[in-house]
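To keep things clear, I will list the structure first and then write my remarks on it.
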Amino acid sequence: MSKKNTKKKDSKFVKKIKQNMYQWHRTIGVITIIPVIFWTLSGLMHPFMAHFFKPEIAHEKLEINTVNQKQLPLSIQEVLEKNDIQQFKNFRIVSFNNATFYQIKNIVGDLLYFDTSNGKELQNGDKIYAEWLSRYFLDDQKSSVKNSEIITEFDNQYKYVNRYLPVYKVTLDRPDTMEVYVETSSSKLATYNPTSRQFFIWFFDVFHNWSFIDAISNNSIRIITMIFLLSIIGFSAVSGIVIYGFLWKQFKKSDDLEPKKGIRKYHRQIGIWISLFTLTFAFSGAYHATTKWNPYTLDQMMYEPTFKTKEIGLGNNKLDLDWNRFQNASLISFNDSTYYRCQLEEKETGKFKKPKSDSNSKWNKKEDPKSEVVYINATTNKTTPNLDLQYAEFLAYYFTDGAPKAPCCEMMSPEIPEEAETSLENVKLLESKVITNFENREYGFVNKRLPVVKLAYDTPEKTTYFIETATSRLAAIVKNSDMVEGYSFAILHKFLFMDWAGKNVRDLTMVLAALCILIVSVLGLIMFLRK
């Protein structure tokens with residue numbers, strides 16, 4: 001008798017749960033059907049476009065060549081004095097259209113170009129160089145330039161994941177209406193978008209990132225809305241597991257009149273199998289959204305002192321270095337001294353020279369030629385060893401608001417990232433090394449800038465700074481919390497746990513998971529409409 005009574009009590013309890021949970025599950029499913037369709041369709045397109053509509057480009061990097069000393073008959077000082085430029089931000093050397101130029105950044109931030117042979121300025125030089133770079137990357141010397149404009153902030157087509165600002169957006173008159181984004185200050189290709197990719201970026205931005213909410217409200221409302229809906233989707237998945245998994249026999253007893261096959265059967269079976277993926281997508285998506293509260297400001301984290309022409313005594317064409325390996329030079333201000341930061345072709349250490357690769361595989365990650373960096377005092381002409389790491393430490397200290405900010409050293413924004421609020425004074429440096437390729441996911445391809453110096457500090461959050469000393473920029477900041485979120489998104493949202501099977505299998509798994517979630521949601525909607 002006690003067993004029967006227990007069963008009756010259990011049955012009443014289950015009915016009580018069903019009256020609420022089953023109704024909640026159906027209501028939640030209907031509420032979230034549109035967001036689920038938006039997210040799954042746009043998510044499906046991501047790997048699909050990457051494989052079947054992936055644009056190809058002739059060159060993804062500008063080949064670095066050595067600069068002969070004879071190409072620099074005039075020093076940077078002589079050119080500056082000839083053009084009555086008394087102050088400037090920095091300079092470097094660029095070669096294009098069969099000529100060599102000093103690319104000079106003036107005190108207002110404009111890039112000017114002066115021929116190294118005669119000191120004459122190239123009018124509209126930055127625009128000409130941007131168009132030359134675009135043609136070089138595309139290997140297209142025939143198509144006319146349809147449009148050329150400077151992009152100074154990220155927008156719906158040029159997303160913050162591209163990192164570089166400001167850039168030129170050059171559109172060539174071609175059937176694919178290719179848009180090329182280049183950073184002339186570093187000769188880097190930021191990104192390139194043919195028509196198909198332009199549509200995909202718009203679609204993904206609107207239906208996956210929900211940028212349409214930004215248009216009618218603001219970023220905070222967008223994030224709150226996304227987190228709220230993703231939480232509801234997660235609850236829907238959990239309630240579905242409870243109803244159709246653990247308590248299905250109990251629920252089925254009072255549903256004898258309902259058909260046990262067809263749409264309802266597939267909704268239940270597929271739903272149980274796919275519920276784990278629904279939870280991982282929803283959780284990692286919501287967690288990732290929480291990192292988007294603050295605007296991206298790393299593009300503004302740059303150290304830019306002003307140099308006076310008269311105070312730089314040594315000419316850059318008189319430097320005491322191996323000119324057979326010389327590639328470029330710029331200036332840095334460090335420890336009350338001015339140095340030439342010189343980039344040299346790496347010495348050959350083996351008996352045989354490595355052949356240059358003709359491969360244009362994804363950014364040639366493992367085959368990039370390395371360079372040697374030397375710092376030469378602009379007064380004494382003497383090389384100071386190990387200064388690259390010391391300069392990187394100074395920059396990390398500067399970006400954490402530890403170094404004194406002279407009026408000349410612009411941060412361009414009073415908003416310093418939250419990660420950089422604590423000064424590094426008296427904080428132990430745990431690790432410092434130069435990173436020359438995107439490896440081990442500690443500094444991935446998404447960060448764009450290379451080479452960088454990694455500085456890991458013994459802070460409570462184990463904060464790591466990645467400094468690009470060539471441009472005196474902060475390339476990335478990583479804390480423990482960032483690593484947790486990063487791994488969450490990489491593993492649960494982008495399925496990096498499937499990397500062992502290869503990118504194709506990983507992306508196929510993602511597509512199938514998203515497709516199944518979409519099917520389950522649509523089947524659930526059909527069931528609701530039939531009732």
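Chain labels A, B, ... are given in the sequence in which chains occur in the structure tokens; within each chain residues are numbered consecutively from 1, and ligands are likewise numbered from 1 in the order shown.
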
Quiz prompt | Selection: 10 Å around range 494-503 of chain A, only C-alpha atoms, excl. self and same-chain fewer than 5 positions, as a PyMOL selection string | solution = chain A and resi 43+47+51+277+280-281+284+487-489+508-510

Practice problem: Please give the complete set of residues from range 175-205 of chain A that DSSP, run on the backbone, assigns to helix (DSSP H, G or I), formatted as a list in words. | Solution: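 Restricting range 175-205 of chain A to helix (DSSP H, G or I) produces Thr195, Ser196, Arg197, Gln198, Phe199, Phe200, Ile201, Trp202, Phe203, Phe204 and Asp205 of chain A.
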
Quiz item: For Cys516 in chain A, which of A:Tyr113, A:Trp273, A:Phe466, A:Trp323 is the closest residue, counting only C-alpha atoms?
Solution: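 Counting only C-alpha atoms, the residue closest to Cys516 in chain A is A:Trp273.
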
Exercise. Please identify all polymer residues within 12 Å of Gly234 in chain A, counting only C-alpha atoms, omitting same-chain residues fewer than 3 positions from it, and present them as a ChimeraX atom specification.
Key: /A:25,28-29,32,36,227-231,237-241,275-286

Exercise. For CA of Met527 in chain A and CA of Ile233 in chain A, determine how far apart the two atoms are, in Å to one decimal place.
Key: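 According to the coordinates, CA of Met527 in chain A and CA of Ile233 in chain A are separated by 17.8 Å.
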
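Here CA of Glu60 in chain A is placed at a distance of 19.1 Å from CA of Ile128 in chain A.
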
Practice problem: Please identify all polymer residues within 8 Å of Glu346 in chain A, counting only C-alpha atoms, omitting same-chain residues fewer than 5 positions from it, and present them as a ChimeraX atom specification. | Solution: /A:325,369-372

Quiz item: Do you have the CA of Met178 in chain A-CA of Pro194 in chain A distance handy?
Solution: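 We find that CA of Met178 in chain A and CA of Pro194 in chain A lie 4.2 Å from each other.
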
Exercise. May I ask which of the residues A:Ser187, A:Tyr158, A:Ile274, A:Asp139 is the closest one to Leu172 in chain A, counting only C-alpha atoms?
Key: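 Closest to Leu172 in chain A of all the choices is A:Asp139.
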